[in-house]
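Novice: Sharing upload-v6.csv here; it has CSV, C-alpha atoms.
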chain,number,residue,atom,x,y,z
A,1,GLN,CA,13.5,20.4,2.5
A,2,ALA,CA,11.7,17.6,4.4
A,3,ALA,CA,12.8,19.0,7.7
A,4,SER,CA,11.4,22.5,6.8
A,5,VAL,CA,7.8,21.3,6.8
A,6,LEU,CA,8.2,20.3,10.4
A,7,GLY,CA,9.0,23.8,11.6
A,8,GLN,CA,12.0,25.3,13.3
A,9,ARG,CA,12.6,22.2,15.5
A,10,PHE,CA,12.3,18.5,14.5
A,11,SER,CA,13.3,15.0,15.6
A,12,LEU,CA,15.5,12.7,13.5
A,13,GLU,CA,12.9,9.9,13.8
A,14,VAL,CA,10.1,11.9,12.0
A,15,LEU,CA,12.7,13.2,9.5
A,16,ARG,CA,13.7,9.7,8.6
A,17,HIS,CA,10.0,8.9,8.0
A,18,LEU,CA,9.6,11.9,5.7
A,19,VAL,CA,12.6,11.1,3.6
A,20,GLY,CA,11.8,7.3,3.5
A,21,ASN,CA,15.2,6.3,4.9
A,22,LYS,CA,15.3,4.7,8.4
A,23,ASP,CA,19.1,5.1,8.5
A,24,TYR,CA,19.3,8.8,7.5
A,25,ASP,CA,21.9,10.7,9.4
A,26,ALA,CA,21.5,14.5,9.8
A,27,ALA,CA,25.3,15.0,10.2
A,28,PRO,CA,25.7,16.6,6.8
A,29,LEU,CA,23.1,19.3,7.7
A,30,VAL,CA,25.0,20.0,10.9
A,31,ALA,CA,28.3,20.1,9.0
A,32,HIS,CA,27.0,22.7,6.6
A,33,TYR,CA,25.5,24.8,9.5
A,34,LEU,CA,22.0,24.4,8.3
A,35,VAL,CA,20.8,22.8,11.6
A,36,ARG,CA,22.3,22.2,15.0
A,37,PRO,CA,21.7,19.6,17.7
A,38,PHE,CA,19.1,20.6,20.3
A,39,GLY,CA,18.9,18.0,23.0
A,40,ASP,CA,17.4,14.9,21.4
A,41,GLU,CA,16.2,17.0,18.4
A,42,TYR,CA,17.6,19.4,15.8
A,43,LEU,CA,17.0,23.1,15.4
A,44,PHE,CA,17.4,25.1,12.2
A,45,SER,CA,20.4,27.4,12.7
A,46,HIS,CA,18.3,30.4,11.8
A,47,ALA,CA,14.6,30.9,11.1
A,48,LEU,CA,15.5,32.5,7.8
A,49,ILE,CA,17.2,29.3,6.7
A,50,ARG,CA,14.1,27.2,7.4
A,51,ASP,CA,11.8,29.8,5.8
A,52,GLY,CA,14.0,30.0,2.7
A,53,VAL,CA,14.2,26.2,2.3
A,54,TYR,CA,10.5,25.8,2.8
A,55,GLY,CA,9.8,28.5,0.2
A,56,SER,CA,11.9,26.5,-2.3
A,57,LEU,CA,9.5,23.5,-2.2
A,58,LEU,CA,7.4,22.9,-5.3
A,59,THR,CA,3.7,22.7,-4.5
A,60,ASP,CA,3.5,19.0,-5.1
A,61,GLN,CA,6.5,18.4,-2.9
A,62,ARG,CA,5.1,20.5,-0.1
A,63,LEU,CA,1.7,18.9,-0.1
A,64,ALA,CA,3.2,15.4,-0.2
A,65,LEU,CA,5.6,16.1,2.7
A,66,HIS,CA,2.8,17.6,4.9
A,67,LEU,CA,0.6,14.6,4.1
A,68,ARG,CA,3.4,12.2,5.2
A,69,ALA,CA,3.9,14.3,8.3
A,70,GLY,CA,0.2,14.1,9.1
A,71,THR,CA,0.4,10.3,8.8
A,72,TRP,CA,3.4,10.2,11.1
A,73,PHE,CA,1.7,12.3,13.9
A,74,GLU,CA,-1.5,10.4,13.8
A,75,ASN,CA,-2.0,8.7,17.2
A,76,ARG,CA,1.0,10.8,18.5
A,77,ASN,CA,-0.2,14.4,18.4
A,78,ALA,CA,-3.7,15.2,17.3
A,79,GLY,CA,-3.0,18.9,16.9
A,80,LEU,CA,0.0,18.4,14.6
A,81,THR,CA,-1.9,15.8,12.6
A,82,ALA,CA,-4.6,18.3,11.9
A,83,GLU,CA,-2.2,21.1,11.0
A,84,HIS,CA,-0.2,19.0,8.6
A,85,LEU,CA,-3.3,17.6,6.9
A,86,ASP,CA,-4.6,21.1,6.6
A,87,ARG,CA,-1.3,22.3,4.9
A,88,ALA,CA,-1.5,19.2,2.7
A,89,GLU,CA,-5.0,20.3,1.6
A,90,SER,CA,-6.3,16.9,2.6
A,91,ALA,CA,-10.0,16.2,2.7
A,92,ASP,CA,-9.5,14.6,6.1
A,93,ALA,CA,-8.2,17.9,7.7
A,94,ALA,CA,-11.6,19.1,9.0
A,95,ALA,CA,-12.3,15.8,10.8
A,96,ALA,CA,-8.7,15.8,12.2
A,97,TYR,CA,-9.3,19.3,13.7
A,98,LEU,CA,-12.4,17.9,15.5
A,99,ILE,CA,-10.3,15.0,16.9
A,100,ALA,CA,-7.7,17.6,18.0
A,101,ALA,CA,-10.4,19.8,19.6
A,102,VAL,CA,-11.9,16.8,21.5
A,103,ALA,CA,-8.4,16.0,22.8
A,104,GLU,CA,-8.0,19.6,24.0
A,105,ILE,CA,-11.4,19.6,25.7
A,106,GLY,CA,-10.4,16.5,27.6
A,107,ARG,CA,-7.4,18.4,28.9
A,108,TYR,CA,-9.6,21.5,29.7
A,109,ARG,CA,-7.7,23.5,27.2
A,110,TYR,CA,-10.7,25.3,25.8
A,111,ASP,CA,-9.0,28.2,24.1
A,112,SER,CA,-6.9,25.9,21.9
A,113,ALA,CA,-10.0,23.6,21.4
A,114,LEU,CA,-11.9,26.7,20.1
A,115,ARG,CA,-9.1,27.6,17.7
A,116,ALA,CA,-9.1,24.0,16.3
A,117,VAL,CA,-12.9,23.8,15.7
A,118,GLU,CA,-13.0,27.2,14.2
A,119,ARG,CA,-10.3,26.3,11.7
A,120,GLY,CA,-12.1,23.1,11.0
A,121,ILE,CA,-15.3,24.9,10.3
A,122,GLU,CA,-13.5,27.2,7.8
A,123,ILE,CA,-12.3,24.2,5.7
A,124,ALA,CA,-15.1,21.6,6.3
A,125,ALA,CA,-16.7,20.4,3.1
A,126,LEU,CA,-18.7,17.4,4.3
A,127,PRO,CA,-22.1,18.1,5.9
A,128,GLN,CA,-21.4,15.7,8.8
A,129,ASP,CA,-18.1,17.4,9.5
A,130,ARG,CA,-19.8,20.8,9.5
A,131,PHE,CA,-22.4,19.8,12.1
A,132,ALA,CA,-19.9,18.0,14.3
A,133,LEU,CA,-17.5,21.0,14.3
A,134,ALA,CA,-20.3,23.5,14.9
A,135,ASN,CA,-21.7,21.4,17.8
A,136,ALA,CA,-18.2,21.1,19.3
A,137,ARG,CA,-17.7,24.9,19.0
A,138,ALA,CA,-20.9,25.4,20.9
A,139,ARG,CA,-19.8,23.1,23.7
A,140,VAL,CA,-16.4,24.8,23.9
A,141,LEU,CA,-18.1,28.2,24.2
A,142,ALA,CA,-20.3,26.9,27.0
A,143,ASN,CA,-17.3,25.6,28.8
A,144,LEU,CA,-15.7,29.0,28.5
A,145,GLY,CA,-18.7,30.6,30.2
A,146,ARG,CA,-19.7,32.4,27.0
A,147,THR,CA,-23.3,31.2,27.4
A,148,GLU,CA,-25.2,33.5,25.0
A,149,GLU,CA,-22.7,32.8,22.3
A,150,ALA,CA,-23.0,29.1,23.0
A,151,ILE,CA,-26.8,29.1,22.6
A,152,GLU,CA,-26.4,30.9,19.3
A,153,ALA,CA,-23.8,28.4,18.3
A,154,PHE,CA,-26.1,25.5,19.1
A,155,GLU,CA,-28.8,27.1,17.1
A,156,ALA,CA,-26.4,27.3,14.2
A,157,ALA,CA,-25.5,23.7,14.7
A,158,LEU,CA,-29.2,22.7,14.6
A,159,GLU,CA,-29.4,24.2,11.1
A,160,LEU,CA,-26.6,21.9,10.0
A,161,ALA,CA,-28.1,18.8,11.7
A,162,GLN,CA,-28.0,15.7,9.5
A,163,ASN,CA,-30.2,13.4,11.5
A,164,ASP,CA,-32.3,13.1,14.6
A,165,ILE,CA,-29.4,12.5,17.0
A,166,ASP,CA,-27.8,15.7,15.8
A,167,LYS,CA,-31.0,17.6,16.4
A,168,CYS,CA,-31.3,16.1,19.8
A,169,GLN,CA,-27.8,17.1,20.9
A,170,ALA,CA,-28.3,20.6,19.6
A,171,TRP,CA,-31.6,21.0,21.6
A,172,ILE,CA,-29.9,19.7,24.7
A,173,GLY,CA,-27.1,22.1,24.3
A,174,MET,CA,-29.5,25.0,23.9
A,175,ALA,CA,-31.4,24.0,27.0
A,176,ALA,CA,-28.3,23.7,29.1
A,177,GLY,CA,-27.3,27.3,28.2
A,178,MET,CA,-30.8,28.6,28.7
A,179,ARG,CA,-30.9,27.0,32.2
A,180,VAL,CA,-27.7,28.9,33.1
A,181,ILE,CA,-29.2,32.3,32.2
A,182,SER,CA,-32.7,31.6,33.7
A,183,ARG,CA,-34.6,31.1,30.4
A,184,TYR,CA,-36.4,28.2,32.0
A,185,ASP,CA,-39.5,28.0,29.9
A,186,GLU,CA,-37.5,28.0,26.7
A,187,ALA,CA,-35.1,25.4,28.1
A,188,LEU,CA,-38.0,23.1,29.0
A,189,GLU,CA,-39.4,23.5,25.5
A,190,ARG,CA,-36.1,22.4,23.9
A,191,LEU,CA,-35.9,19.5,26.3
A,192,ASP,CA,-39.4,18.3,25.4
A,193,LYS,CA,-38.4,18.3,21.7
A,194,ALA,CA,-35.2,16.5,22.5
A,195,GLU,CA,-37.0,13.9,24.6
A,196,ALA,CA,-39.6,13.1,21.9
A,197,VAL,CA,-36.8,12.3,19.5
A,198,ALA,CA,-34.6,10.5,22.1
A,199,LYS,CA,-37.5,8.3,23.2
A,200,SER,CA,-38.4,7.3,19.6
A,201,HIS,CA,-34.8,6.1,19.0
A,202,ASN,CA,-33.9,5.0,22.5
A,203,PHE,CA,-31.0,7.5,22.7
A,204,VAL,CA,-30.1,6.4,26.3
A,205,THR,CA,-27.2,8.8,26.7
A,206,GLU,CA,-29.2,11.8,25.5
A,207,LEU,CA,-32.1,10.8,27.8
A,208,ALA,CA,-29.8,10.9,30.8
A,209,GLN,CA,-28.8,14.4,29.9
A,210,ILE,CA,-32.4,15.5,29.2
A,211,HIS,CA,-33.6,14.4,32.6
A,212,TYR,CA,-30.6,15.9,34.4
A,213,HIS,CA,-31.2,19.3,32.9
A,214,ARG,CA,-34.9,19.2,33.5
A,215,GLY,CA,-34.3,18.1,37.0
A,216,SER,CA,-31.9,21.0,37.5
A,217,ILE,CA,-34.5,23.5,36.2
A,218,TYR,CA,-37.1,21.9,38.6
A,219,PHE,CA,-34.7,22.5,41.5
A,220,LEU,CA,-34.3,26.1,40.6
A,221,THR,CA,-38.1,26.6,40.3
A,222,SER,CA,-38.8,24.8,43.6
A,223,ARG,CA,-40.5,21.8,42.0
A,224,VAL,CA,-39.0,19.4,44.5
A,225,ASP,CA,-40.9,16.2,43.6
A,226,GLY,CA,-40.3,16.7,39.9
A,227,CYS,CA,-36.6,17.4,40.6
A,228,LEU,CA,-36.2,14.1,42.5
A,229,GLU,CA,-38.1,12.1,39.8
A,230,GLN,CA,-36.1,13.6,36.9
A,231,HIS,CA,-32.7,13.0,38.6
A,232,GLU,CA,-33.7,9.4,39.4
A,233,MET,CA,-34.5,8.9,35.7
A,234,ALA,CA,-31.2,10.6,34.7
A,235,ARG,CA,-29.2,8.2,37.0
A,236,ASP,CA,-31.0,5.2,35.6
A,237,PHE,CA,-30.4,6.2,32.0
A,238,ALA,CA,-26.7,7.1,32.7
A,239,HIS,CA,-26.2,3.7,34.4
A,240,ARG,CA,-27.7,1.9,31.4
A,241,ALA,CA,-25.5,3.9,29.1
A,242,ASP,CA,-22.5,3.1,31.3
A,243,PHE,CA,-21.5,6.8,31.5
A,244,PRO,CA,-20.1,7.3,35.1
A,245,GLU,CA,-19.7,11.0,34.6
A,246,ASP,CA,-23.4,11.5,33.8
A,247,GLU,CA,-24.3,9.1,36.7
A,248,ALA,CA,-22.3,11.3,39.0
A,249,ARG,CA,-24.0,14.4,37.7
A,250,ALA,CA,-27.4,12.8,38.4
A,251,LEU,CA,-26.3,11.9,41.9
A,252,SER,CA,-25.5,15.6,42.4
A,253,GLY,CA,-29.0,16.5,41.2
A,254,LEU,CA,-30.5,14.0,43.7
A,255,ALA,CA,-28.5,15.6,46.5
A,256,ASP,CA,-30.1,19.0,45.5
A,257,ALA,CA,-33.5,17.3,45.6
A,258,VAL,CA,-33.1,15.8,49.1
A,259,TYR,CA,-31.5,19.1,50.3
A,260,SER,CA,-34.6,20.9,49.2
A,261,ARG,CA,-36.6,18.6,51.3
A,262,GLY,CA,-34.5,19.4,54.3
A,263,ARG,CA,-33.1,15.8,54.5
A,264,MET,CA,-29.5,16.8,55.4
Just give me the structure of the file as structure tokens.
Specialist:
Amino acid sequence: QAASVLGQRFSLEVLRHLVGNKDYDAAPLVAHYLVRPFGDEYLFSHALIRDGVYGSLLTDQRLALHLRAGTWFENRNAGLTAEHLDRAESADAAAAYLIAAVAEIGRYRYDSALRAVERGIEIAALPQDRFALANARARVLANLGRTEEAIEAFEAALELAQNDIDKCQAWIGMAAGMRVISRYDEALERLDKAEAVAKSHNFVTELAQIHYHRGSIYFLTSRVDGCLEQHEMARDFAHRADFPEDEARALSGLADAVYSRGRM
């Protein structure tokens, strides 16, 4: 029964954790043809066996075993952590899906990241989780090149904002998308709103992003001096925030600016 919550395949190590016995031996399961060895793991002999055993679990048993599994996979596999906490009906499941999505974004697996945030949004109860997941969904859509949808998603996230930094991030996201589809005036308007908030709270990371996007719009609209100035500011804020990726982005913007001046 404990093995059945893990799916068709499982390791002896995690099974021992679920049953609370570090010396448990799966030999009796093999002897009765319920499972068979599969490399370093075990595999249910047939999917129907696993499904039938899983269906025999009482609700309390099922929830408790999934919760133990979620605890086991924490810091090992973010996606499995989220799935088991979800099946355990844990209040932490939505936040776990956000962690899983961020991990997938880091691996450039945007389709799986999108599935994670959308499931998180379905079950999120806490306002801060709802905003964080909505904001992450918008960023994933942007990375997938679904720009119009991303802008709409950032607008939806703005409605869920809990504080000024949430609003700031949503405005920046909208502006980034609007820049891509040449809605420059609207993008600059969002950046102005974001900058007012970021300056009042000294949100250094957000200021780096604001100046980068504004500088990029200035490049596209042939405002060369403004482009250079904005990217210099973006680089300064990124350096102060110790964000090398944003600093590299600002350097790319500076390259655009000097290119526009013919300084090859």
Novice: Any idea what the distance is between CA of Ala91 (chain A) and CA of Phe10 (chain A)?
Specialist: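 Computing it gives 25.3 Å between the two atoms.
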Novice: Pick out the closest residue to Asp86 (chain A) from this set: A:Asp242, A:Glu104, A:Asp256, A:Glu122. Count only C-alpha atoms.
Specialist: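 The closest residue to Asp86 (chain A) is A:Glu122.
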Novice: Which distance in Å separates CA of Ser252 (chain A) and CA of His231 (chain A), to one decimal?
Specialist: 8.5 Å
Novice: Write out as an MDAnalysis selection string each polymer residue whose atoms come within 9 Å of region 191-198 of chain A, counting all atoms listed in the file; drop sequence neighbours fewer than 6 positions from it.
Specialist: chainID A and resid 164:165 167:172 174:175 204:207 210:211 213:214
Novice: List the neighbours of Arg62 (chain A) out to 12 Å using only C-alpha atoms; skip same-chain residues closer than 6 positions along the sequence, and give me the result as a list in words.
Specialist: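 Near neighbours after the sequence-gap exclusion: Gln1, Ala2, Ala3, Ser4, Val5, Leu6, Leu18, Val53, Tyr54, Gly55, Ser56, Arg68, Ala69, His84, Leu85, Asp86, Arg87, Ala88 and Glu89 of chain A.
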Novice: Ranking A:Gly7, A:Ser90, A:Glu159, A:Arg76 by minimum distance to Gly52 (chain A) and counting all atoms listed in the file, which one comes first?
Specialist: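 Among the listed residues, the smallest separation from Gly52 (chain A) belongs to A:Gly7.
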Novice: Determine the nearest neighbour of Leu65 (chain A) from the options A:Thr221, A:Leu15, A:Phe131, A:His201, counting only C-alpha atoms.
Specialist: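 Using only C-alpha atoms, the shortest distance to Leu65 (chain A) belongs to A:Leu15.
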Novice: Give me the residues within 10 Å of Val180 (chain A) as a list in words, counting all atoms listed in the file and dropping any in the same chain fewer than 5 places off.
Specialist: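 That gives Ala142, Gly145, Thr147, Glu148, Ala175, Ala187, Ser216 and Ile217 of chain A.
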Novice: As a count of residues only, please: the residues near Arg240 (chain A) (cut-off 10 Å, only C-alpha atoms, same-chain neighbours under 3 positions excluded).
Specialist: 9
Novice: Figure out the distance between CA of Tyr212 (chain A) and CA of Ala238 (chain A), please, to one decimal in Å.
Specialist: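 The value is 9.8 Å.
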Novice: Missing atoms in region 33-58 of chain A should be modelled up to N, CA, C and O atoms and reported as a PDB file, in the frame of the given file.
Specialist:
ATOM      1  N   TYR A  33      26.116  23.772   8.654  1.00  0.00           N
ATOM      2  CA  TYR A  33      25.500  24.800   9.500  1.00  0.00           C
ATOM      3  C   TYR A  33      24.091  25.162   9.160  1.00  0.00           C
ATOM      4  O   TYR A  33      23.626  26.280   9.402  1.00  0.00           O
ATOM      5  N   LEU A  34      23.397  24.183   8.588  1.00  0.00           N
ATOM      6  CA  LEU A  34      22.000  24.400   8.300  1.00  0.00           C
ATOM      7  C   LEU A  34      21.141  24.131   9.559  1.00  0.00           C
ATOM      8  O   LEU A  34      20.146  24.828   9.808  1.00  0.00           O
ATOM      9  N   VAL A  35      21.521  23.124  10.327  1.00  0.00           N
ATOM     10  CA  VAL A  35      20.800  22.800  11.600  1.00  0.00           C
ATOM     11  C   VAL A  35      21.890  22.580  12.667  1.00  0.00           C
ATOM     12  O   VAL A  35      23.075  22.401  12.357  1.00  0.00           O
ATOM     13  N   ARG A  36      21.435  22.556  13.911  1.00  0.00           N
ATOM     14  CA  ARG A  36      22.300  22.200  15.000  1.00  0.00           C
ATOM     15  C   ARG A  36      21.611  21.333  16.006  1.00  0.00           C
ATOM     16  O   ARG A  36      20.376  21.393  16.123  1.00  0.00           O
ATOM     17  N   PRO A  37      22.327  20.480  16.724  1.00  0.00           N
ATOM     18  CA  PRO A  37      21.700  19.600  17.700  1.00  0.00           C
ATOM     19  C   PRO A  37      21.009  20.454  18.799  1.00  0.00           C
ATOM     20  O   PRO A  37      21.514  21.512  19.190  1.00  0.00           O
ATOM     21  N   PHE A  38      19.874  19.946  19.273  1.00  0.00           N
ATOM     22  CA  PHE A  38      19.100  20.600  20.300  1.00  0.00           C
ATOM     23  C   PHE A  38      18.531  19.559  21.231  1.00  0.00           C
ATOM     24  O   PHE A  38      17.421  19.097  21.012  1.00  0.00           O
ATOM     25  N   GLY A  39      19.335  19.121  22.207  1.00  0.00           N
ATOM     26  CA  GLY A  39      18.900  18.000  23.000  1.00  0.00           C
ATOM     27  C   GLY A  39      18.840  16.737  22.186  1.00  0.00           C
ATOM     28  O   GLY A  39      19.792  16.396  21.464  1.00  0.00           O
ATOM     29  N   ASP A  40      17.661  16.082  22.230  1.00  0.00           N
ATOM     30  CA  ASP A  40      17.400  14.900  21.400  1.00  0.00           C
ATOM     31  C   ASP A  40      16.920  15.243  20.025  1.00  0.00           C
ATOM     32  O   ASP A  40      16.619  14.342  19.223  1.00  0.00           O
ATOM     33  N   GLU A  41      16.804  16.527  19.727  1.00  0.00           N
ATOM     34  CA  GLU A  41      16.200  17.000  18.400  1.00  0.00           C
ATOM     35  C   GLU A  41      17.257  17.846  17.714  1.00  0.00           C
ATOM     36  O   GLU A  41      18.416  17.971  18.117  1.00  0.00           O
ATOM     37  N   TYR A  42      16.772  18.425  16.621  1.00  0.00           N
ATOM     38  CA  TYR A  42      17.600  19.400  15.800  1.00  0.00           C
ATOM     39  C   TYR A  42      16.816  20.656  15.671  1.00  0.00           C
ATOM     40  O   TYR A  42      15.577  20.670  15.648  1.00  0.00           O
ATOM     41  N   LEU A  43      17.594  21.724  15.530  1.00  0.00           N
ATOM     42  CA  LEU A  43      17.000  23.100  15.400  1.00  0.00           C
ATOM     43  C   LEU A  43      17.667  23.722  14.165  1.00  0.00           C
ATOM     44  O   LEU A  43      18.890  23.647  13.997  1.00  0.00           O
ATOM     45  N   PHE A  44      16.839  24.330  13.309  1.00  0.00           N
ATOM     46  CA  PHE A  44      17.400  25.100  12.200  1.00  0.00           C
ATOM     47  C   PHE A  44      18.312  26.198  12.780  1.00  0.00           C
ATOM     48  O   PHE A  44      17.942  26.854  13.770  1.00  0.00           O
ATOM     49  N   SER A  45      19.456  26.413  12.176  1.00  0.00           N
ATOM     50  CA  SER A  45      20.400  27.400  12.700  1.00  0.00           C
ATOM     51  C   SER A  45      19.840  28.799  12.732  1.00  0.00           C
ATOM     52  O   SER A  45      20.236  29.620  13.561  1.00  0.00           O
ATOM     53  N   HIS A  46      18.928  29.080  11.820  1.00  0.00           N
ATOM     54  CA  HIS A  46      18.300  30.400  11.800  1.00  0.00           C
ATOM     55  C   HIS A  46      16.900  30.220  11.172  1.00  0.00           C
ATOM     56  O   HIS A  46      16.736  29.433  10.239  1.00  0.00           O
ATOM     57  N   ALA A  47      15.941  30.988  11.669  1.00  0.00           N
ATOM     58  CA  ALA A  47      14.600  30.900  11.100  1.00  0.00           C
ATOM     59  C   ALA A  47      14.567  31.218   9.629  1.00  0.00           C
ATOM     60  O   ALA A  47      13.774  30.639   8.874  1.00  0.00           O
ATOM     61  N   LEU A  48      15.440  32.123   9.178  1.00  0.00           N
ATOM     62  CA  LEU A  48      15.500  32.500   7.800  1.00  0.00           C
ATOM     63  C   LEU A  48      15.916  31.320   6.887  1.00  0.00           C
ATOM     64  O   LEU A  48      15.494  31.204   5.732  1.00  0.00           O
ATOM     65  N   ILE A  49      16.791  30.472   7.431  1.00  0.00           N
ATOM     66  CA  ILE A  49      17.200  29.300   6.700  1.00  0.00           C
ATOM     67  C   ILE A  49      16.010  28.374   6.466  1.00  0.00           C
ATOM     68  O   ILE A  49      15.738  27.933   5.352  1.00  0.00           O
ATOM     69  N   ARG A  50      15.304  28.125   7.553  1.00  0.00           N
ATOM     70  CA  ARG A  50      14.100  27.200   7.400  1.00  0.00           C
ATOM     71  C   ARG A  50      13.107  27.844   6.483  1.00  0.00           C
ATOM     72  O   ARG A  50      12.575  27.148   5.607  1.00  0.00           O
ATOM     73  N   ASP A  51      12.816  29.136   6.617  1.00  0.00           N
ATOM     74  CA  ASP A  51      11.800  29.800   5.800  1.00  0.00           C
ATOM     75  C   ASP A  51      12.227  29.754   4.301  1.00  0.00           C
ATOM     76  O   ASP A  51      11.406  29.525   3.407  1.00  0.00           O
ATOM     77  N   GLY A  52      13.520  29.985   4.053  1.00  0.00           N
ATOM     78  CA  GLY A  52      14.000  30.000   2.700  1.00  0.00           C
ATOM     79  C   GLY A  52      13.916  28.606   2.042  1.00  0.00           C
ATOM     80  O   GLY A  52      13.500  28.469   0.880  1.00  0.00           O
ATOM     81  N   VAL A  53      14.275  27.578   2.818  1.00  0.00           N
ATOM     82  CA  VAL A  53      14.200  26.200   2.300  1.00  0.00           C
ATOM     83  C   VAL A  53      12.745  25.822   2.053  1.00  0.00           C
ATOM     84  O   VAL A  53      12.408  25.242   1.013  1.00  0.00           O
ATOM     85  N   TYR A  54      11.878  26.158   3.001  1.00  0.00           N
ATOM     86  CA  TYR A  54      10.500  25.800   2.800  1.00  0.00           C
ATOM     87  C   TYR A  54       9.880  26.505   1.607  1.00  0.00           C
ATOM     88  O   TYR A  54       9.104  25.917   0.847  1.00  0.00           O
ATOM     89  N   GLY A  55      10.294  27.746   1.386  1.00  0.00           N
ATOM     90  CA  GLY A  55       9.800  28.500   0.200  1.00  0.00           C
ATOM     91  C   GLY A  55      10.291  27.908  -1.091  1.00  0.00           C
ATOM     92  O   GLY A  55       9.707  28.178  -2.148  1.00  0.00           O
ATOM     93  N   SER A  56      11.363  27.112  -1.048  1.00  0.00           N
ATOM     94  CA  SER A  56      11.900  26.500  -2.300  1.00  0.00           C
ATOM     95  C   SER A  56      11.136  25.270  -2.719  1.00  0.00           C
ATOM     96  O   SER A  56      11.344  24.777  -3.828  1.00  0.00           O
ATOM     97  N   LEU A  57      10.265  24.758  -1.845  1.00  0.00           N
ATOM     98  CA  LEU A  57       9.500  23.500  -2.200  1.00  0.00           C
ATOM     99  C   LEU A  57       8.528  23.781  -3.307  1.00  0.00           C
ATOM    100  O   LEU A  57       7.798  24.780  -3.293  1.00  0.00           O
ATOM    101  N   LEU A  58       8.500  22.869  -4.259  1.00  0.00           N
ATOM    102  CA  LEU A  58       7.400  22.900  -5.300  1.00  0.00           C
ATOM    103  C   LEU A  58       6.130  22.506  -4.585  1.00  0.00           C
ATOM    104  O   LEU A  58       6.128  21.779  -3.581  1.00  0.00           O
TER     105      LEU A  58
END
